[in-house]
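Structure below is target.pdb: PDB, N, CA and C atoms.
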MODEL        1
ATOM      1  N   MET A   1      71.522  45.147  53.006
ATOM      2  CA  MET A   1      70.172  45.489  53.404
ATOM      3  C   MET A   1      69.275  44.259  53.426
ATOM      4  N   GLY A   2      69.463  43.386  52.487
ATOM      5  CA  GLY A   2      68.633  42.191  52.420
ATOM      6  C   GLY A   2      68.834  41.283  53.618
ATOM      7  N   SER A   3      70.054  41.222  54.147
ATOM      8  CA  SER A   3      70.325  40.339  55.281
ATOM      9  C   SER A   3      69.612  40.824  56.544
ATOM     10  N   LYS A   4      69.437  42.116  56.701
ATOM     11  CA  LYS A   4      68.700  42.624  57.858
ATOM     12  C   LYS A   4      67.255  42.164  57.812
ATOM     13  N   PHE A   5      66.672  42.172  56.640
ATOM     14  CA  PHE A   5      65.282  41.732  56.489
ATOM     15  C   PHE A   5      65.152  40.250  56.824
ATOM     16  N   ILE A   6      66.086  39.432  56.335
ATOM     17  CA  ILE A   6      66.046  37.992  56.594
ATOM     18  C   ILE A   6      66.221  37.720  58.084
ATOM     19  N   LEU A   7      67.134  38.406  58.733
ATOM     20  CA  LEU A   7      67.348  38.228  60.162
ATOM     21  C   LEU A   7      66.089  38.614  60.931
ATOM     22  N   GLY A   8      65.485  39.743  60.570
ATOM     23  CA  GLY A   8      64.260  40.186  61.236
ATOM     24  C   GLY A   8      63.130  39.193  61.036
ATOM     25  N   THR A   9      62.996  38.652  59.843
ATOM     26  CA  THR A   9      61.958  37.675  59.556
ATOM     27  C   THR A   9      62.187  36.397  60.342
ATOM     28  N   THR A  10      63.422  35.943  60.416
ATOM     29  CA  THR A  10      63.738  34.735  61.170
ATOM     30  C   THR A  10      63.400  34.918  62.643
ATOM     31  N   PHE A  11      63.763  36.047  63.212
ATOM     32  CA  PHE A  11      63.463  36.326  64.608
ATOM     33  C   PHE A  11      61.957  36.379  64.830
ATOM     34  N   PHE A  12      61.234  37.008  63.941
ATOM     35  CA  PHE A  12      59.778  37.104  64.032
ATOM     36  C   PHE A  12      59.144  35.718  63.981
ATOM     37  N   LEU A  13      59.598  34.862  63.075
ATOM     38  CA  LEU A  13      59.061  33.505  62.991
ATOM     39  C   LEU A  13      59.367  32.706  64.249
ATOM     40  N   PHE A  14      60.526  32.917  64.851
ATOM     41  CA  PHE A  14      60.869  32.257  66.106
ATOM     42  C   PHE A  14      59.886  32.658  67.194
ATOM     43  N   LEU A  15      59.544  33.933  67.271
ATOM     44  CA  LEU A  15      58.590  34.398  68.279
ATOM     45  C   LEU A  15      57.213  33.785  68.062
ATOM     46  N   ILE A  16      56.776  33.698  66.829
ATOM     47  CA  ILE A  16      55.480  33.083  66.542
ATOM     48  C   ILE A  16      55.506  31.614  66.949
ATOM     49  N   SER A  17      56.549  30.905  66.601
ATOM     50  CA  SER A  17      56.676  29.497  66.944
ATOM     51  C   SER A  17      56.665  29.301  68.456
ATOM     52  N   PHE A  18      57.394  30.132  69.178
ATOM     53  CA  PHE A  18      57.439  30.032  70.631
ATOM     54  C   PHE A  18      56.065  30.311  71.226
ATOM     55  N   SER A  19      55.363  31.301  70.712
ATOM     56  CA  SER A  19      54.043  31.650  71.223
ATOM     57  C   SER A  19      53.054  30.510  71.030
ATOM     58  N   ILE A  20      53.114  29.845  69.903
ATOM     59  CA  ILE A  20      52.198  28.747  69.630
ATOM     60  C   ILE A  20      52.478  27.587  70.583
ATOM     61  N   LYS A  21      53.719  27.264  70.830
ATOM     62  CA  LYS A  21      54.058  26.143  71.702
ATOM     63  C   LYS A  21      53.701  26.427  73.159
ATOM     64  N   ALA A  22      53.782  27.680  73.595
ATOM     65  CA  ALA A  22      53.539  28.013  74.991
ATOM     66  C   ALA A  22      52.080  28.386  75.246
ATOM     67  N   ARG A  23      51.246  28.295  74.233
ATOM     68  CA  ARG A  23      49.858  28.715  74.342
ATOM     69  C   ARG A  23      49.091  27.837  75.326
ATOM     70  N   ALA A  24      48.251  28.444  76.092
ATOM     71  CA  ALA A  24      47.441  27.716  77.063
ATOM     72  C   ALA A  24      46.372  26.883  76.349
ATOM     73  N   ALA A  25      45.977  25.819  76.988
ATOM     74  CA  ALA A  25      44.935  24.954  76.441
ATOM     75  C   ALA A  25      43.611  25.257  77.131
ATOM     76  N   ASP A  26      42.547  25.314  76.344
ATOM     77  CA  ASP A  26      41.205  25.499  76.877
ATOM     78  C   ASP A  26      40.451  24.182  76.782
ATOM     79  N   PHE A  27      39.779  23.832  77.856
ATOM     80  CA  PHE A  27      38.989  22.612  77.902
ATOM     81  C   PHE A  27      37.541  23.004  78.187
ATOM     82  N   ASP A  28      36.779  23.134  77.113
ATOM     83  CA  ASP A  28      35.379  23.568  77.192
ATOM     84  C   ASP A  28      34.519  22.364  77.571
ATOM     85  N   ILE A  29      33.793  22.465  78.685
ATOM     86  CA  ILE A  29      33.018  21.310  79.150
ATOM     87  C   ILE A  29      31.927  20.903  78.159
ATOM     88  N   LYS A  30      31.485  21.833  77.310
ATOM     89  CA  LYS A  30      30.477  21.469  76.302
ATOM     90  C   LYS A  30      31.059  20.502  75.273
ATOM     91  N   LYS A  31      32.358  20.578  75.033
ATOM     92  CA  LYS A  31      33.001  19.636  74.111
ATOM     93  C   LYS A  31      33.096  18.243  74.730
ATOM     94  N   TYR A  32      32.874  18.165  76.031
ATOM     95  CA  TYR A  32      32.901  16.877  76.736
ATOM     96  C   TYR A  32      31.487  16.368  77.001
ATOM     97  N   GLY A  33      30.501  17.035  76.424
ATOM     98  CA  GLY A  33      29.125  16.555  76.510
ATOM     99  C   GLY A  33      28.197  17.325  77.424
ATOM    100  N   ALA A  34      28.639  18.383  78.075
ATOM    101  CA  ALA A  34      27.759  19.171  78.939
ATOM    102  C   ALA A  34      26.645  19.800  78.101
ATOM    103  N   LYS A  35      25.426  19.766  78.609
ATOM    104  CA  LYS A  35      24.272  20.299  77.885
ATOM    105  C   LYS A  35      23.888  21.707  78.339
ATOM    106  N   ALA A  36      24.120  22.043  79.584
ATOM    107  CA  ALA A  36      23.782  23.363  80.145
ATOM    108  C   ALA A  36      22.301  23.678  79.979
ATOM    109  N   ASP A  37      21.468  22.648  80.089
ATOM    110  CA  ASP A  37      20.028  22.862  79.960
ATOM    111  C   ASP A  37      19.304  22.844  81.304
ATOM    112  N   GLY A  38      20.050  22.629  82.386
ATOM    113  CA  GLY A  38      19.452  22.597  83.712
ATOM    114  C   GLY A  38      18.738  21.296  84.027
ATOM    115  N   LYS A  39      18.712  20.361  83.086
ATOM    116  CA  LYS A  39      18.010  19.089  83.267
ATOM    117  C   LYS A  39      18.951  17.887  83.202
ATOM    118  N   THR A  40      19.976  18.014  82.377
ATOM    119  CA  THR A  40      20.922  16.918  82.154
ATOM    120  C   THR A  40      22.058  17.013  83.160
ATOM    121  N   ASP A  41      22.428  15.874  83.746
ATOM    122  CA  ASP A  41      23.548  15.854  84.690
ATOM    123  C   ASP A  41      24.854  16.057  83.922
ATOM    124  N   ASP A  42      25.507  17.169  84.174
ATOM    125  CA  ASP A  42      26.746  17.525  83.480
ATOM    126  C   ASP A  42      27.997  17.161  84.280
ATOM    127  N   SER A  43      27.837  16.412  85.356
ATOM    128  CA  SER A  43      28.969  16.054  86.223
ATOM    129  C   SER A  43      30.094  15.360  85.473
ATOM    130  N   GLN A  44      29.751  14.390  84.635
ATOM    131  CA  GLN A  44      30.775  13.627  83.919
ATOM    132  C   GLN A  44      31.555  14.519  82.955
ATOM    133  N   ALA A  45      30.873  15.425  82.276
ATOM    134  CA  ALA A  45      31.553  16.341  81.345
ATOM    135  C   ALA A  45      32.507  17.260  82.102
ATOM    136  N   ILE A  46      32.075  17.753  83.243
ATOM    137  CA  ILE A  46      32.917  18.634  84.055
ATOM    138  C   ILE A  46      34.143  17.869  84.551
ATOM    139  N   ASN A  47      33.919  16.678  85.069
ATOM    140  CA  ASN A  47      35.037  15.856  85.552
ATOM    141  C   ASN A  47      36.016  15.504  84.433
ATOM    142  N   SER A  48      35.495  15.175  83.262
ATOM    143  CA  SER A  48      36.361  14.817  82.135
ATOM    144  C   SER A  48      37.219  15.998  81.701
ATOM    145  N   ALA A  49      36.615  17.173  81.592
ATOM    146  CA  ALA A  49      37.372  18.369  81.197
ATOM    147  C   ALA A  49      38.434  18.686  82.243
ATOM    148  N   TRP A  50      38.084  18.572  83.504
ATOM    149  CA  TRP A  50      39.030  18.843  84.590
ATOM    150  C   TRP A  50      40.211  17.869  84.538
ATOM    151  N   LYS A  51      39.905  16.587  84.337
ATOM    152  CA  LYS A  51      40.951  15.564  84.280
ATOM    153  C   LYS A  51      41.912  15.829  83.117
ATOM    154  N   GLU A  52      41.380  16.166  81.957
ATOM    155  CA  GLU A  52      42.225  16.455  80.792
ATOM    156  C   GLU A  52      43.073  17.703  81.028
ATOM    157  N   ALA A  53      42.483  18.722  81.643
ATOM    158  CA  ALA A  53      43.229  19.951  81.924
ATOM    159  C   ALA A  53      44.380  19.676  82.885
ATOM    160  N   CYS A  54      44.133  18.854  83.879
ATOM    161  CA  CYS A  54      45.190  18.525  84.843
ATOM    162  C   CYS A  54      46.304  17.709  84.204
ATOM    163  N   ALA A  55      45.985  16.910  83.206
ATOM    164  CA  ALA A  55      46.981  16.089  82.535
ATOM    165  C   ALA A  55      47.758  16.859  81.471
ATOM    166  N   SER A  56      47.294  18.043  81.131
ATOM    167  CA  SER A  56      47.942  18.836  80.088
ATOM    168  C   SER A  56      49.334  19.285  80.522
ATOM    169  N   THR A  57      50.247  19.357  79.570
ATOM    170  CA  THR A  57      51.606  19.805  79.855
ATOM    171  C   THR A  57      51.757  21.316  79.682
ATOM    172  N   THR A  58      50.698  21.988  79.265
ATOM    173  CA  THR A  58      50.718  23.445  79.126
ATOM    174  C   THR A  58      49.707  24.042  80.102
ATOM    175  N   PRO A  59      49.820  25.331  80.416
ATOM    176  CA  PRO A  59      48.815  25.964  81.271
ATOM    177  C   PRO A  59      47.426  25.735  80.691
ATOM    178  N   SER A  60      46.467  25.425  81.538
ATOM    179  CA  SER A  60      45.138  25.036  81.061
ATOM    180  C   SER A  60      44.036  25.805  81.755
ATOM    181  N   THR A  61      42.923  25.909  81.053
ATOM    182  CA  THR A  61      41.729  26.551  81.589
ATOM    183  C   THR A  61      40.533  25.662  81.306
ATOM    184  N   VAL A  62      39.726  25.384  82.324
ATOM    185  CA  VAL A  62      38.466  24.694  82.125
ATOM    186  C   VAL A  62      37.427  25.778  81.862
ATOM    187  N   VAL A  63      36.792  25.698  80.699
ATOM    188  CA  VAL A  63      35.836  26.724  80.284
ATOM    189  C   VAL A  63      34.422  26.254  80.582
ATOM    190  N   ILE A  64      33.715  27.052  81.381
ATOM    191  CA  ILE A  64      32.304  26.797  81.668
ATOM    192  C   ILE A  64      31.544  28.020  81.189
ATOM    193  N   ALA A  65      30.932  27.874  80.026
ATOM    194  CA  ALA A  65      30.214  28.989  79.414
ATOM    195  C   ALA A  65      28.912  29.265  80.170
ATOM    196  N   LYS A  66      28.348  30.410  79.917
ATOM    197  CA  LYS A  66      27.093  30.791  80.550
ATOM    198  C   LYS A  66      26.024  29.746  80.244
ATOM    199  N   GLY A  67      25.269  29.368  81.255
ATOM    200  CA  GLY A  67      24.213  28.376  81.084
ATOM    201  C   GLY A  67      23.776  27.841  82.431
ATOM    202  N   ASN A  68      22.801  26.965  82.411
ATOM    203  CA  ASN A  68      22.298  26.320  83.621
ATOM    204  C   ASN A  68      22.811  24.884  83.641
ATOM    205  N   TYR A  69      23.748  24.639  84.518
ATOM    206  CA  TYR A  69      24.358  23.312  84.611
ATOM    207  C   TYR A  69      23.813  22.586  85.826
ATOM    208  N   MET A  70      23.460  21.330  85.623
ATOM    209  CA  MET A  70      23.068  20.490  86.744
ATOM    210  C   MET A  70      24.209  19.515  86.983
ATOM    211  N   ALA A  71      24.660  19.449  88.217
ATOM    212  CA  ALA A  71      25.761  18.551  88.540
ATOM    213  C   ALA A  71      25.610  18.074  89.972
ATOM    214  N   GLY A  72      25.853  16.798  90.150
ATOM    215  CA  GLY A  72      25.894  16.234  91.497
ATOM    216  C   GLY A  72      27.209  16.602  92.127
ATOM    217  N   PRO A  73      27.631  15.881  93.134
ATOM    218  CA  PRO A  73      28.922  16.183  93.749
ATOM    219  C   PRO A  73      30.051  16.064  92.720
ATOM    220  N   VAL A  74      30.877  17.095  92.671
ATOM    221  CA  VAL A  74      32.022  17.093  91.761
ATOM    222  C   VAL A  74      33.252  17.353  92.612
ATOM    223  N   LYS A  75      34.273  16.515  92.445
ATOM    224  CA  LYS A  75      35.503  16.665  93.213
ATOM    225  C   LYS A  75      36.606  17.141  92.288
ATOM    226  N   PHE A  76      37.087  18.361  92.540
ATOM    227  CA  PHE A  76      38.179  18.912  91.756
ATOM    228  C   PHE A  76      39.489  18.582  92.452
ATOM    229  N   GLN A  77      40.246  17.706  91.826
ATOM    230  CA  GLN A  77      41.508  17.259  92.400
ATOM    231  C   GLN A  77      42.522  17.101  91.280
ATOM    232  N   GLY A  78      43.737  17.560  91.509
ATOM    233  CA  GLY A  78      44.758  17.377  90.495
ATOM    234  C   GLY A  78      45.656  18.583  90.383
TER     235      GLY A  78
ENDMDL
END

Could you spell out this file's structure in structure tokens?
Amino acid sequence: MGSKFILGTTFFLFLISFSIKARAADFDIKKYGAKADGKTDDSQAINSAWKEACASTTPSTVVIAKGNYMAGPVKFQG
């Protein structure tokens, strides 16, 4: 009976480990300096988050939270 529990626990830990490694990465533009105040140019923060997301080896999401962002021309490439 004890071996069934150990096998189940090992399998469960494998699933947790796999889930953590395959987890998507979030790139929040506010962490790159975006102010979302409608006055500050947030172009560089947006570009930086986009560049990092494109370089990521896992599925990625660029997060733009609710707010007023001012940005000049931004080129999304990658």

Target residues per the PyMOL selection byres ((chain A and resi 74) around 8), formatted as a PyMOL selection string: chain A and resi 43-44+46-47+71-73+75-77

Ground truth for the PyMOL selection byres ((chain A and resi 37) around 8), written as an MDAnalysis selection string: chainID A and resid 34:36 38:42 67:70

Test item: residues at most 6 Å from Tyr32 in chain A, only N, CA and C atoms, excluding those fewer than 3 positions along its chain, as an MDAnalysis selection string: chainID A and resid 28:29 45

The PyMOL selection byres (((chain A and resi 27 and name CA) around 6) and name CA) applied to the shown file, residues as a PyMOL selection string: chain A and resi 26+28+49+62-63

d(atom N of Lys30 in chain A, atom N of Thr58 in chain A) in Å: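 Atom N of Thr58 in chain A lies 19.3 Å from atom N of Lys30 in chain A.
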
For Ala24 in chain A, work out the shell of residues within 6 Å, counting all atoms listed in the file and skipping chain neighbours fewer than 3 positions away, then give it as a PDB file with N, CA and C atoms, keeping the file's coordinate frame.
ATOM      1  N   THR A  58      50.698  21.988  79.265  1.00  0.00           N
ATOM      2  CA  THR A  58      50.718  23.445  79.126  1.00  0.00           C
ATOM      3  C   THR A  58      49.707  24.042  80.102  1.00  0.00           C
ATOM      4  N   PRO A  59      49.820  25.331  80.416  1.00  0.00           N
ATOM      5  CA  PRO A  59      48.815  25.964  81.271  1.00  0.00           C
ATOM      6  C   PRO A  59      47.426  25.735  80.691  1.00  0.00           C
ATOM      7  N   SER A  60      46.467  25.425  81.538  1.00  0.00           N
ATOM      8  CA  SER A  60      45.138  25.036  81.061  1.00  0.00           C
ATOM      9  C   SER A  60      44.036  25.805  81.755  1.00  0.00           C
ATOM     10  N   THR A  61      42.923  25.909  81.053  1.00  0.00           N
ATOM     11  CA  THR A  61      41.729  26.551  81.589  1.00  0.00           C
ATOM     12  C   THR A  61      40.533  25.662  81.306  1.00  0.00           C
TER      13      THR A  61
END

Would you mind writing range 20-39 of chain A with N, CA, C and O atoms, as a tab-separated table (two decimals), in the coordinates of the input?
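Output contents, as saved in part_24.tsv:
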chain	number	residue	atom	x	y	z
A	20	ILE	N	53.11	29.84	69.90
A	20	ILE	CA	52.20	28.75	69.63
A	20	ILE	C	52.48	27.59	70.58
A	20	ILE	O	51.56	27.00	71.14
A	21	LYS	N	53.72	27.26	70.83
A	21	LYS	CA	54.06	26.14	71.70
A	21	LYS	C	53.70	26.43	73.16
A	21	LYS	O	53.34	25.53	73.89
A	22	ALA	N	53.78	27.68	73.60
A	22	ALA	CA	53.54	28.01	74.99
A	22	ALA	C	52.08	28.39	75.25
A	22	ALA	O	51.72	28.75	76.34
A	23	ARG	N	51.25	28.30	74.23
A	23	ARG	CA	49.86	28.72	74.34
A	23	ARG	C	49.09	27.84	75.33
A	23	ARG	O	49.25	26.62	75.36
A	24	ALA	N	48.25	28.44	76.09
A	24	ALA	CA	47.44	27.72	77.06
A	24	ALA	C	46.37	26.88	76.35
A	24	ALA	O	45.93	27.22	75.26
A	25	ALA	N	45.98	25.82	76.99
A	25	ALA	CA	44.94	24.95	76.44
A	25	ALA	C	43.61	25.26	77.13
A	25	ALA	O	43.56	25.44	78.34
A	26	ASP	N	42.55	25.31	76.34
A	26	ASP	CA	41.20	25.50	76.88
A	26	ASP	C	40.45	24.18	76.78
A	26	ASP	O	40.50	23.51	75.76
A	27	PHE	N	39.78	23.83	77.86
A	27	PHE	CA	38.99	22.61	77.90
A	27	PHE	C	37.54	23.00	78.19
A	27	PHE	O	37.14	23.22	79.33
A	28	ASP	N	36.78	23.13	77.11
A	28	ASP	CA	35.38	23.57	77.19
A	28	ASP	C	34.52	22.36	77.57
A	28	ASP	O	34.49	21.36	76.84
A	29	ILE	N	33.79	22.46	78.68
A	29	ILE	CA	33.02	21.31	79.15
A	29	ILE	C	31.93	20.90	78.16
A	29	ILE	O	31.51	19.76	78.14
A	30	LYS	N	31.48	21.83	77.31
A	30	LYS	CA	30.48	21.47	76.30
A	30	LYS	C	31.06	20.50	75.27
A	30	LYS	O	30.35	19.68	74.73
A	31	LYS	N	32.36	20.58	75.03
A	31	LYS	CA	33.00	19.64	74.11
A	31	LYS	C	33.10	18.24	74.73
A	31	LYS	O	33.36	17.27	74.04
A	32	TYR	N	32.87	18.16	76.03
A	32	TYR	CA	32.90	16.88	76.74
A	32	TYR	C	31.49	16.37	77.00
A	32	TYR	O	31.31	15.42	77.74
A	33	GLY	N	30.50	17.04	76.42
A	33	GLY	CA	29.12	16.56	76.51
A	33	GLY	C	28.20	17.32	77.42
A	33	GLY	O	27.03	16.95	77.56
A	34	ALA	N	28.64	18.38	78.08
A	34	ALA	CA	27.76	19.17	78.94
A	34	ALA	C	26.64	19.80	78.10
A	34	ALA	O	26.89	20.30	77.00
A	35	LYS	N	25.43	19.77	78.61
A	35	LYS	CA	24.27	20.30	77.89
A	35	LYS	C	23.89	21.71	78.34
A	35	LYS	O	23.32	22.46	77.57
A	36	ALA	N	24.12	22.04	79.58
A	36	ALA	CA	23.78	23.36	80.14
A	36	ALA	C	22.30	23.68	79.98
A	36	ALA	O	21.92	24.82	79.78
A	37	ASP	N	21.47	22.65	80.09
A	37	ASP	CA	20.03	22.86	79.96
A	37	ASP	C	19.30	22.84	81.30
A	37	ASP	O	18.10	23.00	81.37
A	38	GLY	N	20.05	22.63	82.39
A	38	GLY	CA	19.45	22.60	83.71
A	38	GLY	C	18.74	21.30	84.03
A	38	GLY	O	18.20	21.14	85.12
A	39	LYS	N	18.71	20.36	83.09
A	39	LYS	CA	18.01	19.09	83.27
A	39	LYS	C	18.95	17.89	83.20
A	39	LYS	O	18.72	16.89	83.85
